[in-house]
Amino acid sequence: MKQLLSLFFFSLLLFLTSCTGTKKGVKSHDDNQLDFVVLAMNDVYEIDALSGGTVGGMARVATVRKELLSENPNTFTLHAGDCLNPSLLGNLKYEGKKIKGRQMVEVMNQCGIDWMVPGNHEFDLKRDELQARINESNFNWVVANAQENMDDGSKKPFHKDLPKGDKEYFPKYTEWNVTDKDGTTIRIGIVAATIPFDVKKYATITNPFDAVGDVLKEMEDCDVIIGLTHLNWADDVKLANKYPQIDLIIGGHDHYNMLKKTKHANVTKADANARTVYVHRFHVDKKTHQVTISSQLKDVDTSVEFDPLTQKIVEKWEKIGKNAVKKAGIDPDKVIATLDRPLDGREIAIRDHATGLGKLIAKSMLAASEKGATSAIFNSGSVRLDDYLEGDITGTDIMRVLPYGGPIFDVEMDGDLFKKVLDAGRANRGKGGYLQHANISYNDKEQKWSINGKPLQENKKYRVVATSYMLQGREGGLEFLNPKNPKLKIFDHDMESNLEDIRKAMASYLARK
């Protein structure tokens with residue numbers, strides 16, 4: 001009898017053990033496999049949706065993030081720089097100060113950004129403005145090649161001010177452990193770099209390749225290394241080829257989506273203003289040290305719902321912006337003109353070829369000339385609408401198109417300099433330095449420029465209207481166009497002139513049409 005009972009209990013134990021070991025969905029040990037997700041965006045200047053609410057919008061990005069988190073709690077959200085400037089909202093005043101990205105930080109805090117690298121436009125802000133935005137941010141900042149120039153001549157990492165006078169300095173890189181349900185643990189690292197580009201005197205930006213190389217020597221324990229960069233496309237690819245330790249580069253600065261698979265890494269960028277985001281799904285095998293990445297470009301459109309809490313903040317700031325426009329003496333709802341067709345102000349278009357909006361702005365500049373200019377030029381990066389301009393046009397619309405504003409000038413330049421300027425602008429295709437113009441054409445077959453229908457003569461002088469930004473030599477590839485150039489003469493104008501602000505010139509031109 002005892003033998004029978006012993007046999008019964010032994011059989012029961014085997015049965016229960018078998019049931020426990022084969023229960024569906026339960027793993028009893030570390031399988032050395034781990035999946036995680038990275039949501040990535042870059043160059044987001046507008047908090048609200050564009051194109052009549054059909055594309056973009058940070059509230060939609062927040063929804064995408066929540067959906068990914070429900071799919072995999074090991075989801076991380078990264079921003080590859082440029083968000084604090086420029087925008088119409090950022091250049092308006094609220095509570096006695098220019099907003100300067102305050103709206104974006106509040107929205108990003110709610111959206112759930114984890115890490116961000118500063119882009120060149122973060123450094124458009126004054127030192128105290130940038131410090132205020134950093135202090136307001138709940139997300140983390142990381143950059144290997146940017147330091148703050150201190151008053152005593154020393155350099156220190158940028159920092160976030162904490163309570164009780166403490167400072168949290170930006171790290172050159174970051175690492176953290178991630179564990180899944182079955183206990184597999186991996187170490188993820190981010191190395192970040194930004195572009196050396198016309199920054200304020202309070203900042204020093206060093207060579208990104210050297211800085212990244214130095215940092216990677218300290219990241220030997222990582223299973224996965226992500227490069228979070230705000231560099232141009234060619235430099236991102238160069239970085240990926242130079243440092244095979246990097247598994248993925250999430251880039252910014254360029255404003256349209258890109259994907260290139262190098263020998264060792266994917267190099268990716270999403271479209272500006274969150275028209276798209278990248279979703280990167282990682283699978284890590286610790287035994288083989290194999291990292292597999294699936295990179296999916298996701299449209300942020302009407303198929304994605306607005307996250308209610310994020311959208312509430314967006315609407316709050318849109319209302320603040322409308323009131324600020326009124327205080328600036330502009331009726332935000334007064335119609336200046338009505339367009340009979342849409343004008344393309346999308347960055348993917350206006351930085352690539354002549355568009356209707358580019359021609360309109362250039363003609364506005366030409367109409368404001370006081371010295372008989374026969375042509376006009378401006379850098380396409382001045383336009384920040386990233387949308388179509390259509391229907392009834394108000395003062396608010398003009399400020400959205402040209403948030404920087406600023407003077408334009410009548411100039412006289414030698415023909416050979418004029419040709420050099422136009423050639424440089426053409427070479428800037430795809431960048432903000434690509435030139436939009438009026439009364440200027442280019443013959444691709446003959447590779448020659450014409451002004452007012454006549455071939456450009458290098459030994460002739462030309463009267464042109466151009467933006468102050470360009471004439472200070474601040475545009476990439478056009479640094480030679482500055483007041484010190486002996487082949488350039490810049491004429492003064494009256495402060496009440498339409499030349500005093502390009503937006504004033506545009507509004508005046510539209511009102512007369």
# chains A, B, ... in the order shown; residues from 1 in each chain; ligands from 1

call {"tool": "residues_around", "arguments": {"residues": "Trp233 in chain A", "least_positions_apart": "3", "cutoff": "8 Å", "atoms": "only C-alpha atoms", "output": "list in words"}}
result
Asp236, Val237, Gly251 and Asp254 of chain A

call {"tool": "write_last_selection", "arguments": {"atoms": "N, CA and C atoms", "output": "PDB file, in the first residue's frame"}}
result
ATOM      1  N   ASP A 236      26.776  62.195 -41.182  1.00  0.00           N
ATOM      2  CA  ASP A 236      26.197  61.036 -40.499  1.00  0.00           C
ATOM      3  C   ASP A 236      26.704  59.734 -41.110  1.00  0.00           C
ATOM      4  N   VAL A 237      26.714  59.687 -42.439  1.00  0.00           N
ATOM      5  CA  VAL A 237      27.202  58.485 -43.131  1.00  0.00           C
ATOM      6  C   VAL A 237      28.694  58.286 -42.848  1.00  0.00           C
ATOM      7  N   GLY A 251      19.469  60.745 -36.865  1.00  0.00           N
ATOM      8  CA  GLY A 251      19.994  62.057 -37.211  1.00  0.00           C
ATOM      9  C   GLY A 251      18.940  63.141 -37.331  1.00  0.00           C
ATOM     10  N   ASP A 254      18.934  67.699 -41.464  1.00  0.00           N
ATOM     11  CA  ASP A 254      18.232  67.593 -42.744  1.00  0.00           C
ATOM     12  C   ASP A 254      16.747  67.406 -42.439  1.00  0.00           C
TER      13      ASP A 254
END

call {"tool": "residues_around", "arguments": {"residues": "Asn72 in chain A", "least_positions_apart": "5", "cutoff": "10 Å", "atoms": "only C-alpha atoms", "output": "list in words"}}
result
Asp35, Phe36, Val37, Lys66, Glu67, Asp180 and Arg281 of chain A

call {"tool": "write_last_selection", "arguments": {"atoms": "N, CA and C atoms", "output": "short mmCIF file (atom, residue, chain, number, x, y, z; two decimals), in the first residue's frame"}}
result
data_model
loop_
_atom_site.label_atom_id
_atom_site.label_comp_id
_atom_site.auth_asym_id
_atom_site.auth_seq_id
_atom_site.Cartn_x
_atom_site.Cartn_y
_atom_site.Cartn_z
N ASP A 35 14.16 42.34 -26.79
CA ASP A 35 13.64 43.29 -27.78
C ASP A 35 13.36 44.63 -27.12
N PHE A 36 13.73 45.70 -27.81
CA PHE A 36 13.33 47.03 -27.34
C PHE A 36 13.06 47.92 -28.54
N VAL A 37 12.42 49.07 -28.28
CA VAL A 37 11.96 49.95 -29.35
C VAL A 37 12.46 51.36 -29.11
N LYS A 66 2.61 56.12 -26.84
CA LYS A 66 1.81 55.31 -25.94
C LYS A 66 1.49 53.94 -26.54
N GLU A 67 1.23 53.91 -27.83
CA GLU A 67 0.95 52.64 -28.50
C GLU A 67 2.18 51.73 -28.49
N ASP A 180 14.15 42.47 -19.60
CA ASP A 180 12.82 42.06 -20.04
C ASP A 180 12.18 41.12 -19.02
N ARG A 281 12.90 48.94 -34.18
CA ARG A 281 12.72 47.77 -33.32
C ARG A 281 14.01 46.95 -33.29
#

call {"tool": "closest_residue", "arguments": {"among": "A:His121, A:Lys454, A:Arg275, A:Lys263", "to": "Asn439 in chain A", "atoms": "only C-alpha atoms"}}
result
A:Lys454

call {"tool": "residues_around", "arguments": {"residues": "Ile190 in chain A", "least_positions_apart": "2", "cutoff": "12 Å", "atoms": "only C-alpha atoms", "output": "VMD selection string"}}
result
chain A and resid 38 76 78 to 80 114 to 117 140 to 144 171 to 176 187 to 188 192 to 193 212 215 to 216 218 to 219 222 to 229 245 to 250

call {"tool": "atom_distance", "arguments": {"atom1": "CA of Asn177 in chain A", "atom2": "CA of Cys111 in chain A"}}
result
22.9 Å

call {"tool": "atom_distance", "arguments": {"atom1": "CA of Leu478 in chain A", "atom2": "CA of Gly433 in chain A"}}
result
8.0 Å

call {"tool": "closest_atom_pairs", "arguments": {"of": "range 59-152 of chain A", "to": "range 395-409 of chain A", "cutoff": "9 Å", "atoms": "only C-alpha atoms", "output": "JSON lines"}}
result
{"residue": "A:Pro86", "atom": "CA", "partner": "A:Pro403", "partner_atom": "CA", "distance": 6.7}
{"residue": "A:Ser87", "atom": "CA", "partner": "A:Pro403", "partner_atom": "CA", "distance": 5.7}
{"residue": "A:Leu88", "atom": "CA", "partner": "A:Pro403", "partner_atom": "CA", "distance": 5.0}
{"residue": "A:Leu89", "atom": "CA", "partner": "A:Arg400", "partner_atom": "CA", "distance": 8.5}
{"residue": "A:Gly90", "atom": "CA", "partner": "A:Pro403", "partner_atom": "CA", "distance": 8.6}
{"residue": "A:Asn91", "atom": "CA", "partner": "A:Pro403", "partner_atom": "CA", "distance": 7.0}

call {"tool": "closest_residue", "arguments": {"among": "A:Pro486, A:Gly101, A:Gly477, A:Gly96", "to": "Glu46 in chain A", "atoms": "only C-alpha atoms"}}
result
A:Gly101

call {"tool": "residues_around", "arguments": {"residues": "Thr194 in chain A", "least_positions_apart": "3", "cutoff": "8 Å", "atoms": "only C-alpha atoms", "output": "MDAnalysis selection string"}}
result
chainID A and resid 117:120 143 145:146 205 208 229:231

call {"tool": "select_by_dssp", "arguments": {"residues": "range 97-254 of chain A", "states": "helix (DSSP H, G or I)", "output": "tab-separated table (two decimals) with C-alpha atoms, in the first residue's frame"}}
result
chain	number	residue	atom	x	y	z
A	102	ARG	CA	8.82	77.53	-23.91
A	103	GLN	CA	5.77	76.11	-25.67
A	104	MET	CA	7.80	73.29	-27.19
A	105	VAL	CA	9.42	72.24	-23.92
A	106	GLU	CA	6.05	71.99	-22.17
A	107	VAL	CA	4.64	69.89	-25.01
A	108	MET	CA	7.73	67.66	-25.14
A	109	ASN	CA	7.54	67.12	-21.38
A	110	GLN	CA	3.98	65.88	-21.73
A	111	CYS	CA	4.75	63.86	-24.85
A	120	ASN	CA	22.14	74.38	-34.06
A	121	HIS	CA	18.84	76.27	-33.64
A	122	GLU	CA	18.86	75.70	-29.88
A	123	PHE	CA	21.86	78.04	-29.90
A	124	ASP	CA	19.85	80.76	-31.67
A	127	ARG	CA	22.25	82.28	-23.01
A	128	ASP	CA	19.58	83.06	-20.40
A	129	GLU	CA	16.78	81.96	-22.75
A	130	LEU	CA	18.44	78.62	-23.44
A	131	GLN	CA	19.17	78.08	-19.77
A	132	ALA	CA	15.52	78.73	-18.91
A	133	ARG	CA	14.34	76.16	-21.46
A	134	ILE	CA	16.83	73.57	-20.20
A	135	ASN	CA	15.69	74.14	-16.62
A	136	GLU	CA	12.04	73.69	-17.65
A	163	PRO	CA	16.91	72.79	-6.49
A	164	LYS	CA	19.27	73.94	-3.72
A	165	GLY	CA	21.76	75.32	-6.25
A	208	PRO	CA	32.07	65.85	-33.87
A	209	PHE	CA	34.17	62.99	-35.24
A	210	ASP	CA	36.96	63.46	-32.71
A	211	ALA	CA	34.49	63.90	-29.84
A	212	VAL	CA	32.53	60.75	-30.73
A	213	GLY	CA	35.74	58.77	-31.14
A	214	ASP	CA	36.94	59.78	-27.66
A	215	VAL	CA	33.61	58.86	-26.07
A	216	LEU	CA	33.35	55.46	-27.75
A	233	TRP	CA	23.59	63.68	-44.04
A	234	ALA	CA	27.10	63.22	-45.44
A	235	ASP	CA	28.65	63.55	-41.97
A	236	ASP	CA	26.20	61.04	-40.50
A	237	VAL	CA	27.20	58.48	-43.13
A	238	LYS	CA	30.87	59.29	-42.55
A	239	LEU	CA	30.39	58.80	-38.81
A	240	ALA	CA	28.75	55.41	-39.36
A	241	ASN	CA	31.58	54.26	-41.61
A	242	LYS	CA	34.27	55.59	-39.30

call {"tool": "decode", "arguments": {"residues": "range 439-486 of chain A", "atoms": "N, CA and C atoms", "output": "short mmCIF file (atom, residue, chain, number, x, y, z; two decimals), in the first residue's frame"}}
result
data_model
loop_
_atom_site.label_atom_id
_atom_site.label_comp_id
_atom_site.auth_asym_id
_atom_site.auth_seq_id
_atom_site.Cartn_x
_atom_site.Cartn_y
_atom_site.Cartn_z
N ASN A 439 13.00 87.34 -61.33
CA ASN A 439 13.62 87.85 -62.57
C ASN A 439 14.99 87.22 -62.84
N ILE A 440 15.19 86.01 -62.38
CA ILE A 440 16.44 85.28 -62.60
C ILE A 440 16.09 83.88 -63.10
N SER A 441 16.81 83.41 -64.12
CA SER A 441 16.56 82.06 -64.64
C SER A 441 17.89 81.39 -64.96
N TYR A 442 17.84 80.06 -65.03
CA TYR A 442 19.06 79.28 -65.29
C TYR A 442 18.79 78.31 -66.42
N ASN A 443 19.69 78.28 -67.40
CA ASN A 443 19.60 77.36 -68.53
C ASN A 443 20.46 76.14 -68.23
N ASP A 444 19.79 75.02 -67.93
CA ASP A 444 20.53 73.81 -67.56
C ASP A 444 21.45 73.33 -68.68
N LYS A 445 20.97 73.41 -69.91
CA LYS A 445 21.75 72.90 -71.04
C LYS A 445 23.01 73.72 -71.26
N GLU A 446 22.86 75.05 -71.21
CA GLU A 446 24.02 75.93 -71.44
C GLU A 446 24.76 76.26 -70.16
N GLN A 447 24.13 75.93 -69.00
CA GLN A 447 24.71 76.22 -67.68
C GLN A 447 25.04 77.71 -67.55
N LYS A 448 24.02 78.53 -67.90
CA LYS A 448 24.20 79.97 -67.85
C LYS A 448 23.00 80.63 -67.17
N TRP A 449 23.30 81.74 -66.49
CA TRP A 449 22.26 82.53 -65.81
C TRP A 449 21.79 83.67 -66.70
N SER A 450 20.51 84.01 -66.54
CA SER A 450 19.94 85.18 -67.22
C SER A 450 19.26 86.06 -66.19
N ILE A 451 19.40 87.37 -66.38
CA ILE A 451 18.76 88.37 -65.52
C ILE A 451 17.81 89.17 -66.38
N ASN A 452 16.52 89.13 -66.01
CA ASN A 452 15.50 89.81 -66.82
C ASN A 452 15.53 89.35 -68.27
N GLY A 453 15.77 88.06 -68.47
CA GLY A 453 15.76 87.51 -69.82
C GLY A 453 17.03 87.72 -70.61
N LYS A 454 18.03 88.40 -70.05
CA LYS A 454 19.29 88.64 -70.76
C LYS A 454 20.43 87.93 -70.05
N PRO A 455 21.40 87.38 -70.81
CA PRO A 455 22.51 86.65 -70.20
C PRO A 455 23.25 87.51 -69.17
N LEU A 456 23.57 86.92 -68.02
CA LEU A 456 24.34 87.63 -66.99
C LEU A 456 25.72 87.96 -67.52
N GLN A 457 26.13 89.22 -67.39
CA GLN A 457 27.45 89.67 -67.83
C GLN A 457 28.34 89.92 -66.62
N GLU A 458 29.46 89.22 -66.54
CA GLU A 458 30.31 89.30 -65.36
C GLU A 458 31.00 90.66 -65.21
N ASN A 459 31.07 91.45 -66.28
CA ASN A 459 31.72 92.76 -66.20
C ASN A 459 30.73 93.89 -66.01
N LYS A 460 29.48 93.52 -65.71
CA LYS A 460 28.43 94.53 -65.54
C LYS A 460 28.04 94.61 -64.06
N LYS A 461 27.48 95.74 -63.64
CA LYS A 461 26.99 95.89 -62.27
C LYS A 461 25.47 95.68 -62.26
N TYR A 462 24.99 95.04 -61.17
CA TYR A 462 23.57 94.72 -61.07
C TYR A 462 23.00 95.25 -59.77
N ARG A 463 21.77 95.79 -59.85
CA ARG A 463 21.02 96.21 -58.67
C ARG A 463 20.11 95.03 -58.25
N VAL A 464 20.26 94.62 -56.99
CA VAL A 464 19.57 93.43 -56.49
C VAL A 464 19.00 93.75 -55.10
N VAL A 465 17.91 93.10 -54.72
CA VAL A 465 17.42 93.16 -53.35
C VAL A 465 17.74 91.81 -52.69
N ALA A 466 18.32 91.86 -51.49
CA ALA A 466 18.70 90.64 -50.78
C ALA A 466 18.44 90.80 -49.29
N THR A 467 18.39 89.69 -48.57
CA THR A 467 18.11 89.73 -47.14
C THR A 467 19.36 90.10 -46.34
N SER A 468 19.12 90.72 -45.21
CA SER A 468 20.21 91.10 -44.31
C SER A 468 21.03 89.88 -43.88
N TYR A 469 20.34 88.78 -43.61
CA TYR A 469 21.02 87.55 -43.18
C TYR A 469 22.07 87.12 -44.20
N MET A 470 21.70 87.13 -45.47
CA MET A 470 22.64 86.75 -46.53
C MET A 470 23.79 87.74 -46.63
N LEU A 471 23.46 89.03 -46.50
CA LEU A 471 24.46 90.08 -46.72
C LEU A 471 25.45 90.19 -45.56
N GLN A 472 25.21 89.47 -44.49
CA GLN A 472 26.18 89.41 -43.39
C GLN A 472 27.10 88.21 -43.52
N GLY A 473 26.96 87.46 -44.62
CA GLY A 473 27.80 86.29 -44.84
C GLY A 473 27.47 85.13 -43.92
N ARG A 474 26.22 85.05 -43.45
CA ARG A 474 25.85 84.05 -42.47
C ARG A 474 25.32 82.76 -43.10
N GLU A 475 25.05 82.79 -44.39
CA GLU A 475 24.52 81.59 -45.04
C GLU A 475 25.64 80.66 -45.48
N GLY A 476 25.44 79.37 -45.27
CA GLY A 476 26.44 78.38 -45.66
C GLY A 476 26.75 78.43 -47.14
N GLY A 477 28.04 78.46 -47.48
CA GLY A 477 28.47 78.54 -48.87
C GLY A 477 28.46 79.94 -49.44
N LEU A 478 27.92 80.90 -48.68
CA LEU A 478 27.83 82.29 -49.14
C LEU A 478 28.52 83.24 -48.17
N GLU A 479 29.50 82.73 -47.45
CA GLU A 479 30.19 83.55 -46.46
C GLU A 479 30.92 84.74 -47.08
N PHE A 480 31.26 84.63 -48.36
CA PHE A 480 31.97 85.71 -49.07
C PHE A 480 31.07 86.91 -49.34
N LEU A 481 29.74 86.73 -49.21
CA LEU A 481 28.79 87.83 -49.45
C LEU A 481 28.62 88.61 -48.16
N ASN A 482 29.46 89.60 -47.95
CA ASN A 482 29.43 90.37 -46.71
C ASN A 482 29.91 91.80 -46.98
N PRO A 483 29.69 92.72 -46.05
CA PRO A 483 30.01 94.15 -46.29
C PRO A 483 31.47 94.41 -46.63
N LYS A 484 32.38 93.49 -46.30
CA LYS A 484 33.80 93.70 -46.59
C LYS A 484 34.16 93.37 -48.04
N ASN A 485 33.24 92.74 -48.75
CA ASN A 485 33.52 92.38 -50.13
C ASN A 485 33.55 93.64 -50.99
N PRO A 486 34.67 93.95 -51.66
CA PRO A 486 34.79 95.20 -52.43
C PRO A 486 33.88 95.25 -53.66
#
